[in-house]
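Asker: Next comes the structure file work24.tsv, holding TSV, C-alpha atoms.
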chain	number	residue	atom	x	y	z
A	273	MET	CA	0.00	0.00	0.00
A	274	SER	CA	1.47	3.34	-1.08
A	275	LEU	CA	1.43	5.82	1.81
A	276	PRO	CA	1.27	9.60	1.58
A	277	GLU	CA	3.69	11.78	3.52
A	278	THR	CA	0.97	13.93	5.11
A	279	MET	CA	-2.61	13.41	6.27
A	280	ARG	CA	-5.73	15.27	7.35
A	281	ALA	CA	-6.22	15.47	11.10
A	282	VAL	CA	-7.86	17.47	13.88
A	283	GLU	CA	-5.65	19.04	16.51
A	284	ILE	CA	-6.21	20.77	19.84
A	285	SER	CA	-5.07	24.32	19.11
A	286	ARG	CA	-5.14	25.25	22.81
A	287	PRO	CA	-6.94	23.98	25.92
A	288	GLY	CA	-10.58	25.00	25.92
A	289	ALA	CA	-14.11	24.44	24.64
A	290	PRO	CA	-15.02	22.36	21.57
A	291	ASP	CA	-14.17	25.20	19.18
A	292	VAL	CA	-10.44	24.80	19.91
A	293	LEU	CA	-10.51	21.64	17.77
A	294	ARG	CA	-9.05	22.63	14.41
A	295	PRO	CA	-8.50	20.75	11.11
A	296	CYS	CA	-4.82	20.52	10.19
A	297	THR	CA	-2.32	18.65	8.04
A	298	VAL	CA	0.40	16.62	9.78
A	299	PRO	CA	2.94	13.92	8.80
A	300	VAL	CA	1.72	10.33	8.54
A	301	PRO	CA	3.13	8.43	11.56
A	302	VAL	CA	5.52	5.51	11.07
A	303	PRO	CA	4.91	2.29	13.03
A	304	GLY	CA	7.70	1.29	15.37
A	305	TYR	CA	8.58	-2.11	16.78
A	306	GLY	CA	5.44	-4.09	17.60
A	307	GLN	CA	3.14	-1.43	16.14
A	308	ILE	CA	0.75	-1.23	13.21
A	309	LEU	CA	-0.38	1.76	11.15
A	310	ILE	CA	-4.14	1.93	10.57
A	311	ARG	CA	-5.82	3.77	7.71
A	312	ILE	CA	-8.80	5.04	9.70
A	313	ALA	CA	-12.33	4.82	8.35
A	314	TYR	CA	-14.15	5.86	11.54
A	315	ALA	CA	-12.98	7.15	14.91
A	316	GLY	CA	-14.96	7.00	18.14
A	317	VAL	CA	-15.60	10.15	20.21
A	318	ASN	CA	-15.24	9.71	23.96
A	319	ARG	CA	-15.28	11.73	27.19
A	320	PRO	CA	-11.49	11.38	27.65
A	321	ASP	CA	-11.09	13.20	24.31
A	322	ALA	CA	-12.97	16.16	25.80
A	323	LEU	CA	-10.84	16.03	28.94
A	324	GLN	CA	-7.69	16.09	26.80
A	325	ARG	CA	-9.10	18.99	24.80
A	326	ALA	CA	-9.71	20.90	28.03
A	327	GLY	CA	-6.13	20.29	29.19
A	328	ALA	CA	-7.04	17.82	31.93
A	329	TYR	CA	-5.90	14.47	30.44
A	330	ALA	CA	-2.42	14.54	28.94
A	331	PRO	CA	-1.34	11.84	26.45
A	332	PRO	CA	1.12	9.28	27.81
A	333	PRO	CA	4.81	9.70	26.86
A	334	GLY	CA	5.41	8.97	23.19
A	335	ALA	CA	1.73	9.08	22.19
A	336	SER	CA	0.33	11.35	19.51
A	337	PRO	CA	-0.87	14.73	20.83
A	338	LEU	CA	-3.93	14.42	18.57
A	339	PRO	CA	-7.14	13.31	20.32
A	340	GLY	CA	-8.83	10.00	19.58
A	341	LEU	CA	-8.59	6.74	21.55
A	342	GLU	CA	-10.36	4.24	19.28
A	343	ALA	CA	-10.85	3.65	15.59
A	344	ALA	CA	-11.61	1.10	12.92
A	345	GLY	CA	-10.04	0.79	9.50
A	346	THR	CA	-7.47	-1.10	7.45
A	347	VAL	CA	-3.89	-2.02	8.35
A	348	ALA	CA	-1.72	0.18	6.12
A	349	ALA	CA	1.74	-0.86	7.39
A	350	VAL	CA	3.27	-3.09	10.05
A	351	GLY	CA	6.35	-2.43	12.12
A	352	PRO	CA	9.12	-4.92	12.97
A	353	GLY	CA	8.08	-7.74	15.26
A	354	VAL	CA	4.42	-7.85	14.21
A	355	ALA	CA	3.24	-11.36	13.34
A	356	ARG	CA	-0.56	-11.39	13.49
A	357	TRP	CA	-1.55	-8.52	11.19
A	358	THR	CA	-0.77	-7.92	7.53
A	359	VAL	CA	-1.42	-4.98	5.23
A	360	GLY	CA	-5.07	-4.96	4.16
A	361	ASP	CA	-6.51	-6.55	7.33
A	362	GLU	CA	-9.58	-4.79	8.71
A	363	VAL	CA	-9.30	-4.07	12.43
A	364	CYS	CA	-10.68	-2.00	15.26
A	365	ALA	CA	-8.24	-0.85	17.89
A	366	LEU	CA	-7.63	0.95	21.14
A	367	LEU	CA	-5.25	3.83	20.41
A	368	PRO	CA	-2.80	5.67	22.69
A	369	GLY	CA	-3.97	8.82	20.86
A	370	GLY	CA	-4.16	10.17	17.33
A	371	GLY	CA	-7.52	8.79	16.23
A	372	TYR	CA	-8.80	12.10	14.83
A	373	ALA	CA	-6.77	11.60	11.65
A	374	GLU	CA	-6.51	9.59	8.45
A	375	TYR	CA	-3.79	7.35	9.93
A	376	ALA	CA	-2.79	6.32	13.46
A	377	VAL	CA	-0.29	3.92	15.03
A	378	THR	CA	-1.03	1.56	17.89
A	379	PRO	CA	0.56	-1.52	19.49
A	380	ALA	CA	-0.40	-4.57	17.44
A	381	GLY	CA	-1.77	-6.28	20.55
A	382	HIS	CA	-4.36	-3.55	21.02
A	383	ALA	CA	-6.04	-4.30	17.68
A	384	LEU	CA	-8.88	-6.76	17.24
A	385	PRO	CA	-10.61	-8.27	14.22
A	386	ILE	CA	-13.94	-6.78	13.17
A	387	PRO	CA	-16.64	-8.97	14.76
A	388	GLU	CA	-18.69	-10.91	12.25
A	389	GLY	CA	-21.81	-8.99	11.26
A	390	LEU	CA	-20.43	-5.52	12.06
A	391	GLY	CA	-19.20	-2.82	9.71
A	392	LEU	CA	-16.29	-0.49	10.36
A	393	ARG	CA	-18.60	2.28	11.59
A	394	GLU	CA	-20.03	0.14	14.39
A	395	ALA	CA	-16.69	-1.53	15.14
A	396	ALA	CA	-15.07	1.86	15.77
A	397	CYS	CA	-17.36	2.20	18.81
A	398	LEU	CA	-16.22	-0.98	20.53
A	399	PRO	CA	-12.63	-0.68	21.78
A	400	GLU	CA	-12.68	2.19	24.31
A	401	THR	CA	-15.96	1.18	25.91
A	402	CYS	CA	-15.38	-2.58	25.85
A	403	PHE	CA	-11.83	-2.30	27.25
A	404	THR	CA	-13.13	0.01	29.98
A	405	VAL	CA	-16.21	-2.00	30.92
A	406	TRP	CA	-14.49	-5.40	30.83
A	407	SER	CA	-11.50	-4.27	32.91
A	408	ASN	CA	-13.60	-2.43	35.50
A	409	VAL	CA	-16.86	-4.36	35.74
A	410	VAL	CA	-15.61	-7.91	35.23
A	411	LEU	CA	-11.94	-7.91	36.27
A	412	ARG	CA	-11.77	-5.15	38.89
A	413	GLY	CA	-15.40	-5.28	40.01
A	414	GLY	CA	-15.74	-9.07	39.86
A	415	LEU	CA	-19.33	-9.07	38.60
A	416	ARG	CA	-21.01	-12.48	38.88
A	417	ALA	CA	-24.24	-13.89	37.49
A	418	GLY	CA	-27.25	-13.08	39.66
A	419	GLU	CA	-25.69	-10.02	41.28
A	420	ARG	CA	-27.37	-6.62	41.31
A	421	PHE	CA	-25.37	-4.23	39.13
A	422	LEU	CA	-25.96	-0.47	38.91
A	423	VAL	CA	-24.42	1.68	36.19
A	424	HIS	CA	-24.77	5.44	36.21
A	425	GLY	CA	-25.10	7.25	32.89
A	426	GLY	CA	-26.83	4.24	31.38
A	427	SER	CA	-27.46	5.93	28.01
A	428	SER	CA	-23.81	6.91	27.47
A	429	GLY	CA	-21.37	4.90	25.40
A	430	ILE	CA	-19.96	3.27	28.54
A	431	GLY	CA	-23.45	2.81	29.99
A	432	THR	CA	-25.01	1.14	26.96
A	433	THR	CA	-22.05	-1.24	26.76
A	434	ALA	CA	-22.10	-2.00	30.49
A	435	ILE	CA	-25.83	-2.75	30.49
A	436	GLN	CA	-25.52	-5.24	27.64
A	437	MET	CA	-22.34	-6.90	28.89
A	438	ALA	CA	-23.65	-7.29	32.44
A	439	ALA	CA	-26.97	-8.67	31.21
A	440	ALA	CA	-25.15	-11.14	28.96
A	441	LEU	CA	-23.18	-12.29	32.01
A	442	GLY	CA	-26.42	-12.98	33.89
A	443	ALA	CA	-26.48	-10.00	36.27
A	444	ARG	CA	-29.57	-8.07	37.31
A	445	VAL	CA	-28.97	-4.67	35.75
A	446	PHE	CA	-30.08	-1.26	37.05
A	447	ALA	CA	-29.23	2.04	35.36
A	448	THR	CA	-29.68	5.74	35.92
A	449	ALA	CA	-30.44	8.23	33.15
A	450	GLY	CA	-31.82	11.76	32.86
A	451	SER	CA	-35.01	11.38	30.81
A	452	GLU	CA	-37.76	8.89	30.09
A	453	GLU	CA	-36.42	8.49	26.55
A	454	LYS	CA	-33.00	7.55	27.89
A	455	CYS	CA	-34.53	5.26	30.52
A	456	ALA	CA	-36.50	3.48	27.79
A	457	ALA	CA	-33.26	2.98	25.84
A	458	CYS	CA	-31.65	1.43	28.94
A	459	ARG	CA	-34.58	-0.96	29.40
A	460	ASP	CA	-34.46	-1.95	25.73
A	461	LEU	CA	-30.79	-2.88	26.17
A	462	GLY	CA	-31.48	-5.19	29.12
A	463	ALA	CA	-31.78	-3.06	32.26
A	464	GLU	CA	-34.32	-4.55	34.64
A	465	ARG	CA	-34.95	-1.10	36.09
A	466	ALA	CA	-34.03	2.31	34.67
A	467	ILE	CA	-34.09	5.17	37.19
A	468	ASN	CA	-34.72	8.73	36.06
A	469	TYR	CA	-32.40	10.54	38.45
A	470	ARG	CA	-34.35	13.77	38.00
A	471	GLU	CA	-37.47	12.15	39.47
A	472	GLU	CA	-36.33	9.23	41.65
A	473	ASP	CA	-33.65	8.52	44.24
A	474	PHE	CA	-31.46	5.66	43.05
A	475	VAL	CA	-30.41	4.99	46.67
A	476	ALA	CA	-33.99	4.24	47.69
A	477	VAL	CA	-34.59	2.08	44.61
A	478	LEU	CA	-31.50	-0.04	45.20
A	479	LYS	CA	-32.05	-0.33	48.95
A	480	ALA	CA	-35.53	-1.69	48.27
A	481	GLU	CA	-33.89	-4.40	46.15
A	482	GLY	CA	-31.37	-5.32	48.84
A	483	GLY	CA	-28.58	-3.00	47.68
A	484	ALA	CA	-26.25	-3.08	44.70
A	485	ASP	CA	-23.51	-5.69	44.72
A	486	LEU	CA	-21.54	-3.62	42.21
A	487	ILE	CA	-21.78	0.00	41.05
A	488	LEU	CA	-19.97	1.50	38.07
A	489	ASP	CA	-19.83	5.28	38.40
A	490	MET	CA	-18.43	8.06	36.26
A	491	VAL	CA	-20.24	10.94	37.98
A	492	GLY	CA	-18.33	11.31	41.25
A	493	GLY	CA	-19.00	14.35	43.41
A	494	ASN	CA	-21.95	13.88	45.74
A	495	TYR	CA	-22.73	10.54	44.09
A	496	LEU	CA	-19.89	8.97	46.10
A	497	PRO	CA	-21.58	8.97	49.53
A	498	ARG	CA	-24.90	8.10	47.89
A	499	ASN	CA	-23.27	5.15	46.12
A	500	VAL	CA	-21.94	3.93	49.47
A	501	LYS	CA	-25.47	4.02	50.89
A	502	ALA	CA	-26.83	2.18	47.84
A	503	LEU	CA	-24.37	-0.70	48.13
A	504	ALA	CA	-25.26	-4.03	49.72
A	505	THR	CA	-23.08	-5.37	52.50
A	506	GLU	CA	-19.71	-6.35	50.98
A	507	GLY	CA	-20.65	-4.44	47.81
A	508	ARG	CA	-18.10	-2.90	45.46
A	509	LEU	CA	-17.92	0.56	43.92
A	510	VAL	CA	-15.76	1.09	40.83
A	511	GLN	CA	-15.06	4.73	39.91
A	512	ILE	CA	-13.96	5.47	36.34
A	513	ALA	CA	-14.50	9.25	36.04
A	514	PHE	CA	-15.51	12.34	38.02
A	515	LEU	CA	-17.85	14.48	35.93
A	516	GLU	CA	-19.09	16.22	39.10
A	517	GLY	CA	-15.75	16.56	40.88
A	518	THR	CA	-13.15	14.51	42.76
A	519	ARG	CA	-13.48	15.88	46.32
A	520	ILE	CA	-16.22	14.97	48.75
A	521	GLU	CA	-16.64	14.31	52.47
A	522	LEU	CA	-17.24	10.63	53.18
A	523	ASN	CA	-17.87	8.76	56.43
A	524	PHE	CA	-15.63	5.70	56.15
A	525	ALA	CA	-17.18	4.06	59.19
A	526	GLU	CA	-19.96	2.83	56.92
A	527	VAL	CA	-17.39	1.42	54.51
A	528	MET	CA	-15.74	-0.47	57.35
A	529	MET	CA	-18.88	-1.68	59.10
A	530	ARG	CA	-20.41	-3.10	55.91
A	531	ARG	CA	-17.07	-4.28	54.47
A	532	LEU	CA	-17.41	-2.29	51.27
A	533	THR	CA	-14.78	-1.99	48.54
A	534	ILE	CA	-14.09	1.30	46.77
A	535	THR	CA	-11.75	1.13	43.80
A	536	GLY	CA	-11.33	2.58	40.34
A	537	SER	CA	-9.05	2.97	37.37
A	538	THR	CA	-8.23	4.92	34.24
A	539	LEU	CA	-7.43	3.01	31.07
A	540	ARG	CA	-5.04	5.21	29.12
A	541	PRO	CA	-2.08	5.23	31.59
A	542	GLN	CA	-2.05	1.43	31.97
A	543	SER	CA	0.78	-0.57	30.44
A	544	ASP	CA	0.72	-1.95	26.91
A	545	LEU	CA	0.91	-5.45	28.42
A	546	ALA	CA	-2.22	-4.87	30.50
A	547	LYS	CA	-4.10	-3.65	27.43
A	548	ASP	CA	-2.83	-6.66	25.45
A	549	ARG	CA	-4.43	-8.91	28.07
A	550	TYR	CA	-7.71	-6.99	27.95
A	551	ALA	CA	-7.76	-7.31	24.16
A	552	ARG	CA	-7.32	-11.08	24.33
A	553	ASP	CA	-10.07	-11.32	26.95
A	554	LEU	CA	-12.40	-9.30	24.73
A	555	GLU	CA	-11.75	-11.51	21.73
A	556	THR	CA	-12.36	-14.64	23.82
A	557	HIS	CA	-15.32	-13.56	25.95
A	558	VAL	CA	-16.93	-10.40	24.53
A	559	TRP	CA	-16.63	-10.75	20.75
A	560	PRO	CA	-18.86	-13.88	20.90
A	561	MET	CA	-21.49	-11.71	22.65
A	562	VAL	CA	-21.28	-9.29	19.73
A	563	VAL	CA	-21.52	-12.03	17.12
A	564	ARG	CA	-24.65	-13.53	18.68
A	565	GLY	CA	-26.26	-10.10	19.07
A	566	ALA	CA	-26.15	-9.90	22.86
A	567	LEU	CA	-23.95	-6.79	22.71
A	568	ARG	CA	-24.18	-4.23	19.92
A	569	PRO	CA	-22.87	-0.67	19.67
A	570	VAL	CA	-25.66	1.83	20.17
A	571	MET	CA	-25.13	4.50	17.52
A	572	ASP	CA	-26.13	8.10	18.21
A	573	SER	CA	-24.68	10.18	15.39
A	574	GLU	CA	-21.93	10.61	12.82
A	575	PHE	CA	-19.92	13.72	11.94
A	576	PRO	CA	-17.25	14.33	9.29
A	577	LEU	CA	-13.72	14.44	10.71
A	578	GLU	CA	-13.52	18.19	10.13
A	579	GLU	CA	-16.64	18.67	12.31
A	580	ALA	CA	-15.08	17.16	15.44
A	581	ALA	CA	-15.95	20.34	17.36
A	582	GLN	CA	-19.65	19.79	16.66
A	583	ALA	CA	-19.30	16.16	17.75
A	584	HIS	CA	-17.78	17.27	21.06
A	585	ALA	CA	-20.51	19.84	21.57
A	586	ARG	CA	-23.16	17.14	21.14
A	587	MET	CA	-21.38	14.80	23.55
A	588	GLU	CA	-20.97	17.47	26.21
A	589	GLY	CA	-24.59	18.56	25.79
A	590	SER	CA	-25.57	15.08	27.08
A	591	SER	CA	-28.48	14.77	24.67
A	592	HIS	CA	-26.95	11.76	22.92
A	593	VAL	CA	-27.81	8.11	23.45
A	594	GLY	CA	-24.91	5.79	22.71
A	595	LYS	CA	-21.83	6.51	20.63
A	596	ILE	CA	-20.76	9.38	18.39
A	597	VAL	CA	-18.30	8.71	15.56
A	598	LEU	CA	-16.20	10.72	13.14
A	599	LYS	CA	-16.19	9.60	9.50
A	600	VAL	CA	-12.66	9.94	8.14
Before anything else, please render the file you have as structure tokens.
Answerer:
Amino acid sequence: MSLPETMRAVEISRPGAPDVLRPCTVPVPVPGYGQILIRIAYAGVNRPDALQRAGAYAPPPGASPLPGLEAAGTVAAVGPGVARWTVGDEVCALLPGGGYAEYAVTPAGHALPIPEGLGLREAACLPETCFTVWSNVVLRGGLRAGERFLVHGGSSGIGTTAIQMAAALGARVFATAGSEEKCAACRDLGAERAINYREEDFVAVLKAEGGADLILDMVGGNYLPRNVKALATEGRLVQIAFLEGTRIELNFAEVMMRRLTITGSTLRPQSDLAKDRYARDLETHVWPMVVRGALRPVMDSEFPLEEAAQAHARMEGSSHVGKIVLKV
């Protein structure tokens, strides 16, 4: 495959609001040892992209400064030491950065085949959410069949994935969302109960059910003490973001008396080896869910690459249900 020297991309011109995202032309990256170069067809838009744009989530050392943590497309070149992939293979991949562009490099172990029955547009929505949900809900949170699982932001990309994955694993799924339309979407995906947080108290709902065995939260702020109250004895809380802030007063006596576990993680800073392991787990355990239709990307909208600012504005307006993609 003949490669150009430069490519279209979207850069962060300075930290700020969505309008700081600016189309640009930059050199095509070259894959290093153990890396592949992907000709991107679609790139997923995620909350960490907005955090990076705002100056609050720096790329790891050596990663592209361009935003974009997941994409789907065609392998355009392979670096030394790559055995599995060849030029022309269609893949979706978790990226260290650089997805808002025509080409991006990523470790070969972070790429996955396109699940049977999906196109590149849908497949671009899988890596960031599936890596995040699998590593936090299943591995860190230890979700088991029959347990009561609560996910906040049930209509988000993470939420729609978590609902489906947890339901496929046999859990009883509860979700919060901010409108009846979003609650209906959560129920359609497999939530036993969708809680409109503007009208109901999720703590009361979960307590009436015996408490949540596991909660996945990306809200933070005053949700933290409320999550603690909503947990069952020996329940687990996994924190993956803090949309409402990182600081709160919490009475840890309740954590101790009811033997609760509070943990959390961020995906991007983890080692390449850890992400390799997550990718293999996904291919073994989650891709079969996708193939049989138990887990499907929920698509909200599509924007051209050059309209990344509009895509960010829609995501931050919280009117979307599911994933937003950029067509490259």
Asker: What are the closest atom pairs, with distances in Å to one decimal, for each residue of stretch 462-538 of chain A lying within 7 Å of stretch 423-444 of chain A, using only C-alpha atoms, rows by chain and rising residue number, as CSV?
Answerer:
residue,atom,partner,partner_atom,distance
A:Gly462,CA,A:Ala439,CA,6.1
A:Ala463,CA,A:Ile435,CA,6.2
A:Glu464,CA,A:Arg444,CA,6.5
A:Ile487,CA,A:Val423,CA,5.8
A:Leu488,CA,A:Val423,CA,4.8
A:Asp489,CA,A:His424,CA,5.4
A:Met490,CA,A:His424,CA,6.9
Asker: Write the residues of the selection above to a file with C-alpha atoms, as a PDB file, keeping the file's coordinate frame.
Answerer:
ATOM      1  CA  GLY A 462     -31.480  -5.190  29.120  1.00  0.00           C
ATOM      2  CA  ALA A 463     -31.780  -3.060  32.260  1.00  0.00           C
ATOM      3  CA  GLU A 464     -34.320  -4.550  34.640  1.00  0.00           C
ATOM      4  CA  ILE A 487     -21.780   0.000  41.050  1.00  0.00           C
ATOM      5  CA  LEU A 488     -19.970   1.500  38.070  1.00  0.00           C
ATOM      6  CA  ASP A 489     -19.830   5.280  38.400  1.00  0.00           C
ATOM      7  CA  MET A 490     -18.430   8.060  36.260  1.00  0.00           C
TER       8      MET A 490
END
Asker: Would you mind reading off the distance between atom CA of A:Phe446 and atom CA of A:Thr518, one decimal, in Å?
Answerer: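 Between these atoms lies a distance of 23.8 Å.
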Asker: Restricting the calculation to all atoms listed in the file, which member of A:Leu509, A:Ala525, A:Leu422, A:Ile596 is positioned closest to A:Glu481?
Answerer: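 Nearest candidate to A:Glu481 out of A:Leu509, A:Ala525, A:Leu422, A:Ile596: A:Leu422.
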Asker: Excluding stretch 365-376 of chain A and any residue of its chain fewer than 4 positions from it, enumerate the residues within 7 Å of it, using only C-alpha atoms, and give them as a PyMOL selection string.
Answerer: chain A and resi 279-282+300-301+309-312+315+331+335-344+382-384+399-400+540+577+600
Asker: Skipping near chain neighbours, those fewer than 5 positions away, what residues fall within 8 Å of A:Pro385 using all atoms listed in the file, listed as a PyMOL selection string?
Answerer: chain A and resi 362-364
Asker: Hey, what's within 12 Å of A:His592 if we count only C-alpha atoms and toss same-chain stuff fewer than 6 positions away? As a PDB file with C-alpha atoms, in the coordinates of the input, please?
Answerer:
ATOM      1  CA  VAL A 317     -15.600  10.150  20.210  1.00  0.00           C
ATOM      2  CA  ASN A 318     -15.240   9.710  23.960  1.00  0.00           C
ATOM      3  CA  GLY A 425     -25.100   7.250  32.890  1.00  0.00           C
ATOM      4  CA  GLY A 426     -26.830   4.240  31.380  1.00  0.00           C
ATOM      5  CA  SER A 427     -27.460   5.930  28.010  1.00  0.00           C
ATOM      6  CA  SER A 428     -23.810   6.910  27.470  1.00  0.00           C
ATOM      7  CA  GLY A 429     -21.370   4.900  25.400  1.00  0.00           C
ATOM      8  CA  GLY A 431     -23.450   2.810  29.990  1.00  0.00           C
ATOM      9  CA  THR A 432     -25.010   1.140  26.960  1.00  0.00           C
ATOM     10  CA  ALA A 449     -30.440   8.230  33.150  1.00  0.00           C
ATOM     11  CA  GLY A 450     -31.820  11.760  32.860  1.00  0.00           C
ATOM     12  CA  SER A 451     -35.010  11.380  30.810  1.00  0.00           C
ATOM     13  CA  GLU A 453     -36.420   8.490  26.550  1.00  0.00           C
ATOM     14  CA  LYS A 454     -33.000   7.550  27.890  1.00  0.00           C
ATOM     15  CA  ALA A 457     -33.260   2.980  25.840  1.00  0.00           C
ATOM     16  CA  VAL A 570     -25.660   1.830  20.170  1.00  0.00           C
ATOM     17  CA  MET A 571     -25.130   4.500  17.520  1.00  0.00           C
ATOM     18  CA  ASP A 572     -26.130   8.100  18.210  1.00  0.00           C
ATOM     19  CA  SER A 573     -24.680  10.180  15.390  1.00  0.00           C
ATOM     20  CA  GLU A 574     -21.930  10.610  12.820  1.00  0.00           C
ATOM     21  CA  ALA A 583     -19.300  16.160  17.750  1.00  0.00           C
ATOM     22  CA  HIS A 584     -17.780  17.270  21.060  1.00  0.00           C
ATOM     23  CA  ALA A 585     -20.510  19.840  21.570  1.00  0.00           C
ATOM     24  CA  ARG A 586     -23.160  17.140  21.140  1.00  0.00           C
TER      25      ARG A 586
END
Asker: Would you mind reading off the distance between atom CA of A:Arg564 and atom CA of A:Arg552, one decimal, in Å?
Answerer: 18.4 Å
